[in-house]
$ cat protein16.cif   # mmCIF, C-alpha atoms
data_target
loop_
_atom_site.group_PDB
_atom_site.id
_atom_site.type_symbol
_atom_site.label_atom_id
_atom_site.label_comp_id
_atom_site.auth_asym_id
_atom_site.auth_seq_id
_atom_site.Cartn_x
_atom_site.Cartn_y
_atom_site.Cartn_z
ATOM 1 C CA MET P 1 178.195 -149.152 44.875
ATOM 2 C CA THR P 2 178.239 -147.765 48.427
ATOM 3 C CA LYS P 3 178.546 -144.036 49.124
ATOM 4 C CA GLN P 4 182.023 -144.567 50.583
ATOM 5 C CA THR P 5 183.091 -146.468 47.455
ATOM 6 C CA ALA P 6 181.667 -143.767 45.180
ATOM 7 C CA THR P 7 183.498 -141.081 47.144
ATOM 8 C CA ALA P 8 186.788 -142.983 46.946
ATOM 9 C CA GLN P 9 186.321 -143.529 43.211
ATOM 10 C CA ALA P 10 185.651 -139.815 42.594
ATOM 11 C CA ARG P 11 188.785 -138.908 44.560
ATOM 12 C CA HIS P 12 191.024 -141.377 42.758
ATOM 13 C CA GLU P 13 189.709 -140.301 39.354
ATOM 14 C CA GLU P 14 190.951 -136.782 40.152
ATOM 15 C CA ALA P 15 194.226 -137.658 41.843
ATOM 16 C CA HIS P 16 196.440 -134.624 42.227
ATOM 17 C CA ALA P 17 199.440 -133.810 44.384
ATOM 18 C CA ILE P 18 198.609 -130.829 46.604
ATOM 19 C CA THR P 19 201.529 -128.746 47.794
ATOM 20 C CA ALA P 20 201.963 -125.334 49.388
ATOM 21 C CA ARG P 21 203.401 -122.751 46.982
ATOM 22 C CA ASP P 22 205.913 -120.133 48.020
ATOM 23 C CA VAL P 23 204.170 -116.850 47.189
ATOM 24 C CA GLN P 24 205.217 -113.220 47.577
ATOM 25 C CA PHE P 25 203.153 -110.035 47.356
ATOM 26 C CA ASP P 26 204.262 -106.408 47.116
ATOM 27 C CA TRP P 27 201.885 -103.854 48.667
ATOM 28 C CA ASP P 28 203.770 -100.749 47.535
ATOM 29 C CA GLY P 29 201.604 -98.346 45.570
ATOM 30 C CA MET P 30 198.327 -100.175 46.088
ATOM 31 C CA PRO P 31 195.419 -97.759 46.707
ATOM 32 C CA PHE P 32 193.240 -98.221 49.787
ATOM 33 C CA HIS P 33 190.199 -98.856 47.584
ATOM 34 C CA TYR P 34 191.971 -101.255 45.250
ATOM 35 C CA VAL P 35 188.811 -101.614 43.158
ATOM 36 C CA PRO P 36 188.569 -98.016 41.848
ATOM 37 C CA ASN P 37 185.482 -96.078 42.987
ATOM 38 C CA GLU P 38 184.084 -99.220 44.640
ATOM 39 C CA PRO P 39 184.467 -98.877 48.433
ATOM 40 C CA VAL P 40 181.955 -101.618 49.243
ATOM 41 C CA VAL P 41 183.419 -104.040 46.706
ATOM 42 C CA THR P 42 186.835 -103.439 48.275
ATOM 43 C CA GLN P 43 185.470 -104.179 51.747
ATOM 44 C CA VAL P 44 183.704 -107.332 50.536
ATOM 45 C CA TRP P 45 187.032 -108.699 49.363
ATOM 46 C CA ASN P 46 188.681 -107.465 52.577
ATOM 47 C CA PHE P 47 186.290 -109.824 54.349
ATOM 48 C CA MET P 48 187.945 -112.667 52.484
ATOM 49 C CA HIS P 49 191.379 -111.400 53.499
ATOM 50 C CA LEU P 50 190.552 -110.945 57.164
ATOM 51 C CA VAL P 51 187.987 -113.580 58.118
ATOM 52 C CA LEU P 52 188.477 -116.649 55.941
ATOM 53 C CA PRO P 53 192.167 -117.154 56.866
ATOM 54 C CA GLU P 54 191.193 -117.386 60.543
ATOM 55 C CA ALA P 55 188.651 -120.087 59.718
ATOM 56 C CA GLU P 56 191.239 -121.805 57.529
ATOM 57 C CA ARG P 57 193.622 -122.072 60.472
ATOM 58 C CA ALA P 58 190.928 -123.899 62.419
ATOM 59 C CA MET P 59 190.222 -126.059 59.362
ATOM 60 C CA ALA P 60 193.883 -127.022 59.085
ATOM 61 C CA GLY P 61 193.850 -127.846 62.794
ATOM 62 C CA ALA P 62 190.907 -130.204 62.323
ATOM 63 C CA LEU P 63 192.675 -131.996 59.477
ATOM 64 C CA ALA P 64 195.820 -132.296 61.574
ATOM 65 C CA ASP P 65 193.714 -133.898 64.318
ATOM 66 C CA ALA P 66 192.220 -136.255 61.706
ATOM 67 C CA LEU P 67 195.580 -137.523 60.400
ATOM 68 C CA PRO P 68 195.813 -140.425 62.905
ATOM 69 C CA TYR P 69 192.453 -141.712 61.615
ATOM 70 C CA ILE P 70 193.341 -141.574 57.906
ATOM 71 C CA GLU P 71 194.424 -144.990 56.677
ATOM 72 C CA ASP P 72 194.406 -144.174 52.948
ATOM 73 C CA GLU P 73 197.954 -143.011 52.124
ATOM 74 C CA ARG P 74 196.949 -140.848 49.158
ATOM 75 C CA LEU P 75 194.246 -139.091 51.149
ATOM 76 C CA ARG P 76 196.709 -138.570 53.969
ATOM 77 C CA GLU P 77 199.158 -136.905 51.541
ATOM 78 C CA GLU P 78 196.378 -134.673 50.250
ATOM 79 C CA ALA P 79 195.442 -133.703 53.801
ATOM 80 C CA VAL P 80 199.056 -132.775 54.598
ATOM 81 C CA GLY P 81 199.216 -130.696 51.407
ATOM 82 C CA PHE P 82 195.948 -129.017 52.315
ATOM 83 C CA ILE P 83 197.293 -128.066 55.744
ATOM 84 C CA GLY P 84 200.346 -126.502 54.111
ATOM 85 C CA GLN P 85 198.286 -124.515 51.618
ATOM 86 C CA GLU P 86 195.947 -123.171 54.276
ATOM 87 C CA ALA P 87 198.887 -122.088 56.418
ATOM 88 C CA MET P 88 200.271 -120.178 53.425
ATOM 89 C CA HIS P 89 196.857 -118.581 52.799
ATOM 90 C CA ALA P 90 196.670 -117.340 56.361
ATOM 91 C CA SER P 91 200.195 -115.887 56.367
ATOM 92 C CA SER P 92 199.777 -114.261 52.937
ATOM 93 C CA HIS P 93 196.627 -112.416 53.945
ATOM 94 C CA GLU P 94 198.306 -111.025 57.059
ATOM 95 C CA GLY P 95 199.871 -108.445 54.757
ATOM 96 C CA VAL P 96 196.411 -107.090 53.975
ATOM 97 C CA ARG P 97 195.646 -106.815 57.678
ATOM 98 C CA ALA P 98 198.779 -104.738 58.274
ATOM 99 C CA TYR P 99 198.158 -102.647 55.149
ATOM 100 C CA LEU P 100 194.588 -101.773 56.183
ATOM 101 C CA THR P 101 195.679 -100.852 59.701
ATOM 102 C CA GLU P 102 198.390 -98.556 58.339
ATOM 103 C CA HIS P 103 195.792 -96.775 56.197
ATOM 104 C CA GLY P 104 193.388 -96.063 59.044
ATOM 105 C CA LEU P 105 191.017 -99.039 59.050
ATOM 106 C CA ASP P 106 191.107 -100.545 62.546
ATOM 107 C CA VAL P 107 190.457 -104.229 61.878
ATOM 108 C CA GLU P 108 191.912 -105.562 65.134
ATOM 109 C CA PRO P 109 188.638 -105.604 67.160
ATOM 110 C CA MET P 110 186.846 -107.525 64.416
ATOM 111 C CA VAL P 111 189.659 -110.026 63.851
ATOM 112 C CA ASP P 112 190.164 -110.509 67.603
ATOM 113 C CA THR P 113 186.458 -111.267 68.035
ATOM 114 C CA ILE P 114 186.522 -113.799 65.206
ATOM 115 C CA ASN P 115 189.616 -115.458 66.651
ATOM 116 C CA TYR P 116 187.974 -115.651 70.063
ATOM 117 C CA LEU P 117 184.836 -117.278 68.638
ATOM 118 C CA ILE P 118 186.823 -119.749 66.569
ATOM 119 C CA ASP P 119 189.006 -120.711 69.532
ATOM 120 C CA LYS P 120 185.951 -121.123 71.759
ATOM 121 C CA VAL P 121 183.917 -123.158 69.274
ATOM 122 C CA LEU P 122 186.043 -124.916 66.657
ATOM 123 C CA THR P 123 189.107 -126.251 68.473
ATOM 124 C CA ASP P 124 189.376 -129.710 70.045
ATOM 125 C CA HIS P 125 188.764 -128.369 73.598
ATOM 126 C CA GLY P 126 191.310 -130.838 74.996
ATOM 127 C CA LEU P 127 188.915 -133.769 74.594
ATOM 128 C CA SER P 128 190.113 -137.364 74.447
ATOM 129 C CA GLY P 129 188.833 -140.796 73.486
ATOM 130 C CA ARG P 130 185.369 -141.153 71.993
ATOM 131 C CA ALA P 131 184.414 -137.568 72.789
ATOM 132 C CA LYS P 132 187.451 -136.300 70.868
ATOM 133 C CA LYS P 133 186.580 -138.311 67.749
ATOM 134 C CA ALA P 134 182.874 -137.424 67.946
ATOM 135 C CA TRP P 135 183.689 -133.705 68.094
ATOM 136 C CA LEU P 136 186.244 -134.141 65.295
ATOM 137 C CA LYS P 137 183.476 -135.551 63.073
ATOM 138 C CA GLU P 138 181.367 -132.476 63.779
ATOM 139 C CA ARG P 139 184.240 -130.134 62.950
ATOM 140 C CA LEU P 140 185.021 -131.982 59.730
ATOM 141 C CA GLY P 141 181.363 -131.810 58.721
ATOM 142 C CA LEU P 142 181.298 -128.050 59.298
ATOM 143 C CA PHE P 143 184.553 -127.477 57.452
ATOM 144 C CA ALA P 144 183.579 -129.689 54.520
ATOM 145 C CA ALA P 145 180.559 -127.433 54.005
ATOM 146 C CA LEU P 146 182.652 -124.294 54.423
ATOM 147 C CA GLU P 147 185.127 -125.583 51.834
ATOM 148 C CA HIS P 148 182.227 -125.991 49.412
ATOM 149 C CA PHE P 149 181.544 -122.259 49.660
ATOM 150 C CA THR P 150 185.208 -121.251 49.422
ATOM 151 C CA ALA P 151 185.550 -123.391 46.303
ATOM 152 C CA ILE P 152 182.521 -121.605 44.838
ATOM 153 C CA ILE P 153 184.211 -118.254 45.508
ATOM 154 C CA GLY P 154 187.443 -119.584 44.022
ATOM 155 C CA GLN P 155 185.794 -120.674 40.772
ATOM 156 C CA TRP P 156 183.899 -117.377 40.610
ATOM 157 C CA LEU P 157 187.168 -115.440 40.898
ATOM 158 C CA LEU P 158 188.773 -117.439 38.103
ATOM 159 C CA GLU P 159 185.915 -116.436 35.808
ATOM 160 C CA ALA P 160 185.365 -112.854 37.040
ATOM 161 C CA ASP P 161 186.402 -110.902 33.943
ATOM 162 C CA GLU P 162 184.475 -107.861 35.194
ATOM 163 C CA LEU P 163 187.034 -107.391 37.966
ATOM 164 C CA ASP P 164 189.729 -106.947 35.328
ATOM 165 C CA LYS P 165 187.560 -104.443 33.479
ATOM 166 C CA ALA P 166 186.893 -102.528 36.708
ATOM 167 C CA GLY P 167 190.624 -101.844 37.035
ATOM 168 C CA ILE P 168 191.309 -103.743 40.263
ATOM 169 C CA HIS P 169 194.936 -103.438 41.328
ATOM 170 C CA PRO P 170 196.814 -106.304 39.578
ATOM 171 C CA MET P 171 198.631 -107.514 42.685
ATOM 172 C CA MET P 172 195.351 -107.748 44.593
ATOM 173 C CA LEU P 173 193.683 -109.556 41.716
ATOM 174 C CA ASP P 174 196.539 -112.049 41.657
ATOM 175 C CA LEU P 175 196.246 -112.559 45.425
ATOM 176 C CA LEU P 176 192.528 -113.223 45.155
ATOM 177 C CA ARG P 177 192.841 -115.533 42.163
ATOM 178 C CA TRP P 178 195.832 -117.419 43.557
ATOM 179 C CA HIS P 179 193.876 -118.114 46.732
ATOM 180 C CA GLY P 180 190.737 -118.934 44.755
ATOM 181 C CA ALA P 181 192.582 -121.306 42.438
ATOM 182 C CA GLU P 182 194.030 -123.230 45.373
ATOM 183 C CA GLU P 183 190.551 -123.450 46.918
ATOM 184 C CA VAL P 184 189.395 -125.137 43.710
ATOM 185 C CA GLU P 185 192.518 -127.303 43.667
ATOM 186 C CA HIS P 186 191.874 -128.751 47.137
ATOM 187 C CA ARG P 187 188.062 -128.521 47.075
ATOM 188 C CA SER P 188 187.587 -132.248 47.738
ATOM 189 C CA VAL P 189 190.065 -132.850 50.550
ATOM 190 C CA VAL P 190 188.038 -131.989 53.662
ATOM 191 C CA PHE P 191 184.944 -133.650 52.188
ATOM 192 C CA ASP P 192 186.921 -136.839 51.519
ATOM 193 C CA VAL P 193 188.493 -136.811 54.978
ATOM 194 C CA TYR P 194 185.048 -136.354 56.510
ATOM 195 C CA HIS P 195 183.729 -139.363 54.613
ATOM 196 C CA HIS P 196 186.797 -141.375 55.529
ATOM 197 C CA VAL P 197 186.456 -140.613 59.248
ATOM 198 C CA ASP P 198 182.637 -140.609 59.425
ATOM 199 C CA GLY P 199 180.498 -140.177 56.291
ATOM 200 C CA SER P 200 177.109 -139.806 57.960
ATOM 201 C CA TYR P 201 174.722 -138.057 55.565
ATOM 202 C CA ALA P 202 172.585 -136.792 58.451
ATOM 203 C CA ARG P 203 175.615 -135.128 60.009
ATOM 204 C CA ARG P 204 176.690 -133.730 56.634
ATOM 205 C CA ALA P 205 173.261 -132.172 56.052
ATOM 206 C CA ARG P 206 172.981 -130.783 59.569
ATOM 207 C CA THR P 207 176.478 -129.294 59.637
ATOM 208 C CA ALA P 208 176.008 -127.851 56.143
ATOM 209 C CA LEU P 209 172.922 -125.913 57.229
ATOM 210 C CA LEU P 210 174.700 -124.737 60.372
ATOM 211 C CA ALA P 211 177.836 -123.707 58.442
ATOM 212 C CA SER P 212 175.894 -121.828 55.753
ATOM 213 C CA THR P 213 173.815 -119.939 58.305
ATOM 214 C CA THR P 214 176.880 -119.039 60.377
ATOM 215 C CA LEU P 215 178.773 -117.911 57.276
ATOM 216 C CA ALA P 216 175.874 -115.691 56.176
ATOM 217 C CA VAL P 217 175.656 -113.994 59.587
ATOM 218 C CA LEU P 218 179.435 -113.614 59.822
ATOM 219 C CA THR P 219 179.640 -112.139 56.324
ATOM 220 C CA PHE P 220 176.921 -109.571 56.989
ATOM 221 C CA ALA P 221 178.346 -108.530 60.360
ATOM 222 C CA SER P 222 181.933 -108.317 59.081
ATOM 223 C CA ILE P 223 181.144 -106.279 55.967
ATOM 224 C CA THR P 224 178.997 -103.943 58.044
ATOM 225 C CA TYR P 225 181.931 -103.413 60.419
ATOM 226 C CA LEU P 226 184.413 -102.838 57.602
ATOM 227 C CA VAL P 227 182.193 -100.370 55.743
ATOM 228 C CA ASN P 228 181.303 -98.444 58.904
ATOM 229 C CA HIS P 229 184.987 -98.134 59.862
ATOM 230 C CA ASP P 230 186.201 -97.227 56.387
ATOM 231 C CA PRO P 231 188.129 -93.953 56.954
ATOM 232 C CA SER P 232 187.283 -92.581 53.507
ATOM 233 C CA PRO P 233 184.966 -89.543 53.671
ATOM 234 C CA ASN P 234 182.674 -90.517 50.799
ATOM 235 C CA ARG P 235 181.392 -94.067 51.113
ATOM 236 C CA GLY P 236 178.297 -93.571 48.991
ATOM 237 C CA LYS P 237 174.930 -95.279 49.386
ATOM 238 C CA PRO P 238 174.165 -97.838 52.138
ATOM 239 C CA TRP P 239 176.360 -100.865 51.615
ATOM 240 C CA PRO P 240 173.581 -103.412 50.875
ATOM 241 C CA VAL P 241 172.458 -101.183 47.985
ATOM 242 C CA GLN P 242 176.006 -100.972 46.666
ATOM 243 C CA PHE P 243 176.430 -104.708 47.146
ATOM 244 C CA VAL P 244 173.401 -105.527 45.006
ATOM 245 C CA SER P 245 174.655 -103.159 42.321
ATOM 246 C CA ALA P 246 178.129 -104.700 42.415
ATOM 247 C CA ALA P 247 176.730 -108.231 42.209
ATOM 248 C CA MET P 248 174.651 -107.277 39.170
ATOM 249 C CA ARG P 249 177.805 -105.880 37.537
ATOM 250 C CA GLY P 250 179.828 -109.010 38.283
ATOM 251 C CA LEU P 251 182.191 -107.508 40.848
ATOM 252 C CA VAL P 252 181.162 -109.731 43.773
ATOM 253 C CA PRO P 253 179.258 -113.032 43.981
ATOM 254 C CA SER P 254 175.584 -112.575 44.748
ATOM 255 C CA GLY P 255 173.823 -114.045 47.768
ATOM 256 C CA LEU P 256 171.576 -116.051 45.428
ATOM 257 C CA HIS P 257 174.703 -117.637 44.022
ATOM 258 C CA PHE P 258 175.270 -119.312 47.388
ATOM 259 C CA LEU P 259 171.652 -120.186 48.105
ATOM 260 C CA THR P 260 171.444 -122.237 44.934
ATOM 261 C CA GLU P 261 174.543 -124.190 45.958
ATOM 262 C CA ILE P 262 173.137 -125.444 49.268
ATOM 263 C CA PRO P 263 170.757 -127.955 47.591
ATOM 264 C CA VAL P 264 173.648 -129.087 45.361
ATOM 265 C CA TYR P 265 175.808 -129.880 48.386
ATOM 266 C CA LEU P 266 172.911 -131.670 50.089
ATOM 267 C CA LYS P 267 172.372 -134.148 47.245
ATOM 268 C CA PRO P 268 173.217 -137.624 48.631
ATOM 269 C CA GLY P 269 175.520 -138.444 45.707
ATOM 270 C CA PHE P 270 177.342 -135.105 45.676
ATOM 271 C CA HIS P 271 181.131 -134.967 45.450
ATOM 272 C CA PRO P 272 183.170 -131.724 45.160
ATOM 273 C CA SER P 273 185.021 -133.015 42.092
ATOM 274 C CA SER P 274 181.822 -132.329 40.135
ATOM 275 C CA MET P 275 182.118 -128.567 40.681
ATOM 276 C CA GLY P 276 184.621 -126.075 39.356
ATOM 277 C CA SER P 277 187.490 -126.775 36.973
ATOM 278 C CA LEU P 278 190.738 -128.210 38.276
ATOM 279 C CA ASP P 279 192.391 -127.624 34.895
ATOM 280 C CA GLN P 280 191.436 -123.943 34.938
ATOM 281 C CA ALA P 281 192.755 -123.564 38.495
ATOM 282 C CA LEU P 282 196.072 -125.207 37.649
ATOM 283 C CA ARG P 283 196.451 -123.100 34.506
ATOM 284 C CA TYR P 284 196.080 -119.959 36.583
ATOM 285 C CA LEU P 285 198.503 -121.167 39.238
ATOM 286 C CA ALA P 286 201.056 -121.836 36.502
ATOM 287 C CA THR P 287 200.877 -118.178 35.410
ATOM 288 C CA SER P 288 200.325 -116.415 38.749
ATOM 289 C CA PRO P 289 203.147 -113.878 39.315
ATOM 290 C CA ALA P 290 202.973 -114.373 43.080
ATOM 291 C CA ALA P 291 203.384 -118.150 42.796
ATOM 292 C CA ASN P 292 206.177 -118.089 40.200
ATOM 293 C CA ALA P 293 209.548 -116.518 40.982
ATOM 294 C CA GLU P 294 210.478 -116.119 37.299
ATOM 295 C CA LEU P 295 207.287 -114.231 36.536
ATOM 296 C CA ARG P 296 207.839 -112.006 39.579
ATOM 297 C CA GLN P 297 211.272 -111.082 38.291
ATOM 298 C CA GLU P 298 209.922 -110.299 34.808
ATOM 299 C CA SER P 299 207.207 -108.005 36.198
ATOM 300 C CA SER P 300 209.553 -106.176 38.612
#
$ encode --input "protein16.cif" --output "structure tokens"
Amino acid sequence: MTKQTATAQARHEEAHAITARDVQFDWDGMPFHYVPNEPVVTQVWNFMHLVLPEAERAMAGALADALPYIEDERLREEAVGFIGQEAMHASSHEGVRAYLTEHGLDVEPMVDTINYLIDKVLTDHGLSGRAKKAWLKERLGLFAALEHFTAIIGQWLLEADELDKAGIHPMMLDLLRWHGAEEVEHRSVVFDVYHHVDGSYARRARTALLASTTLAVLTFASITYLVNHDPSPNRGKPWPVQFVSAAMRGLVPSGLHFLTEIPVYLKPGFHPSSMGSLDQALRYLATSPAANAELRQESS
């Protein structure tokens, strides 16, 4: 069985219609540090709100550029559904951006810098012909690796009982878990599109190492910015110390959690369907107040 055949088989064994859900979030009454007494934990999750949606816009753009090359109708439908979900993710997290700004955390310089870098590096640059497709393959390779890490975060959130125990604001927990569940739901799409358009293992390995390194640097720089600009007077110990403590208490994923996943992704026979639980993600999405109008009405 060829690698392309194995990838297609894994995708068809986990066939699932991917659609964008209409979600609503109410920010009224949410404290600035929505994880009580955990300023660094709050800023770690703010990183997800502020940075990942910008990358997801670029990811959706790459899949839109790939649509003319996708001949498999089911994969094409999944790609269109993925684009819709990522657009909803980006718009939903904009509420956090406005909320933080209103409460004295100036996130605009950081977000503007990220947008500038993404626009400079990860768009199609107006290329055409062979150059356009070659650069598209590179972008898909990078985004397939990035989606691996977002799916890891998504599965972690679905299982993070310690966040409930820590008293995180319920609306914020629902926002995080809704997003995380959809990351698990569409965890295979970019990977499958990459293999459909290209499939080179050498490119997959190279772009995975580049994506993981870039994500690590971006995470460190962004959290440092957010913590340093937190307007609260008492921020506690240096943020790396608080981060290690929070990871040990199950409030954020640890760095080691991601390091161990790089070799998994680099296995030649790897497919994203082997990680996470689609059933668990769909069960959460079926009960998420933000994603279900009836549940929103009951809780209001």
$ resolve_selection --input "protein16.cif" --expression "the PyMOL selection byres ((chain P and resi 196-201) around 10)" --output "JSON, numbers by chain"
{"P": [3, 4, 7, 8, 66, 67, 69, 70, 71, 72, 75, 133, 134, 136, 137, 138, 140, 141, 190, 191, 192, 193, 194, 195, 202, 203, 204, 205, 206, 207, 266, 267, 268, 269]}
$ resolve_selection --input "protein16.cif" --expression "the PyMOL selection byres ((chain P and resi 235-245) around 9)" --output "list in words"
Glu38, Pro39, Val40, Val41, Val44, Ile223, Thr224, Val227, Asn228, Asp230, Pro231, Ser232, Pro233, Asn234, Ala246, Ala247, Met248, Arg249, Gly250, Leu251, Val252, Ser254 and Gly255 of chain P
$ closest_residue --input "protein16.cif" --among "P:Ser212, P:Gln24, P:Thr287, P:Asn46" --to "P:Ile262" --atoms "all atoms listed in the file"
P:Ser212
$ resolve_selection --input "protein16.cif" --expression "the PyMOL selection byres ((chain P and resi 160) around 12)" --output "NGL selection string"
:P and (153-159 or 161-166 or 168 or 173 or 176-177 or 180 or 247 or 249-253)
$ atom_distance --input "protein16.cif" --atom1 "atom CA of P:Thr42" --atom2 "atom CA of P:Met30"
12.1 Å
$ closest_atom_pairs --input "protein16.cif" --of "stretch 65-143 of chain P" --to "stretch 47-50 of chain P" --cutoff "7 Å" --atoms "only C-alpha atoms" --output "Markdown table"
| residue | atom | partner | partner_atom | distance |
| --- | --- | --- | --- | --- |
| P:His93 | CA | P:His49 | CA | 5.4 |
| P:Val96 | CA | P:His49 | CA | 6.6 |
| P:Arg97 | CA | P:Leu50 | CA | 6.6 |
| P:Val111 | CA | P:Leu50 | CA | 6.8 |
$ write_last_selection --input "protein16.cif" --atoms "C-alpha atoms" --output "PDB file, in the frame of the given file"
ATOM      1  CA  HIS P  93     196.627-112.416  53.945  1.00  0.00           C
ATOM      2  CA  VAL P  96     196.411-107.090  53.975  1.00  0.00           C
ATOM      3  CA  ARG P  97     195.646-106.815  57.678  1.00  0.00           C
ATOM      4  CA  VAL P 111     189.659-110.026  63.851  1.00  0.00           C
TER       5      VAL P 111
END
$ atom_distance --input "protein16.cif" --atom1 "atom CA of P:Gly81" --atom2 "atom CA of P:Trp135"
23.0 Å
$ closest_residue --input "protein16.cif" --among "P:Ala20, P:Ala144, P:Leu117, P:Val217" --to "P:Leu63" --atoms "only C-alpha atoms"
P:Ala144
$ atom_distance --input "protein16.cif" --atom1 "atom CA of P:Glu54" --atom2 "atom CA of P:Glu77"
22.9 Å
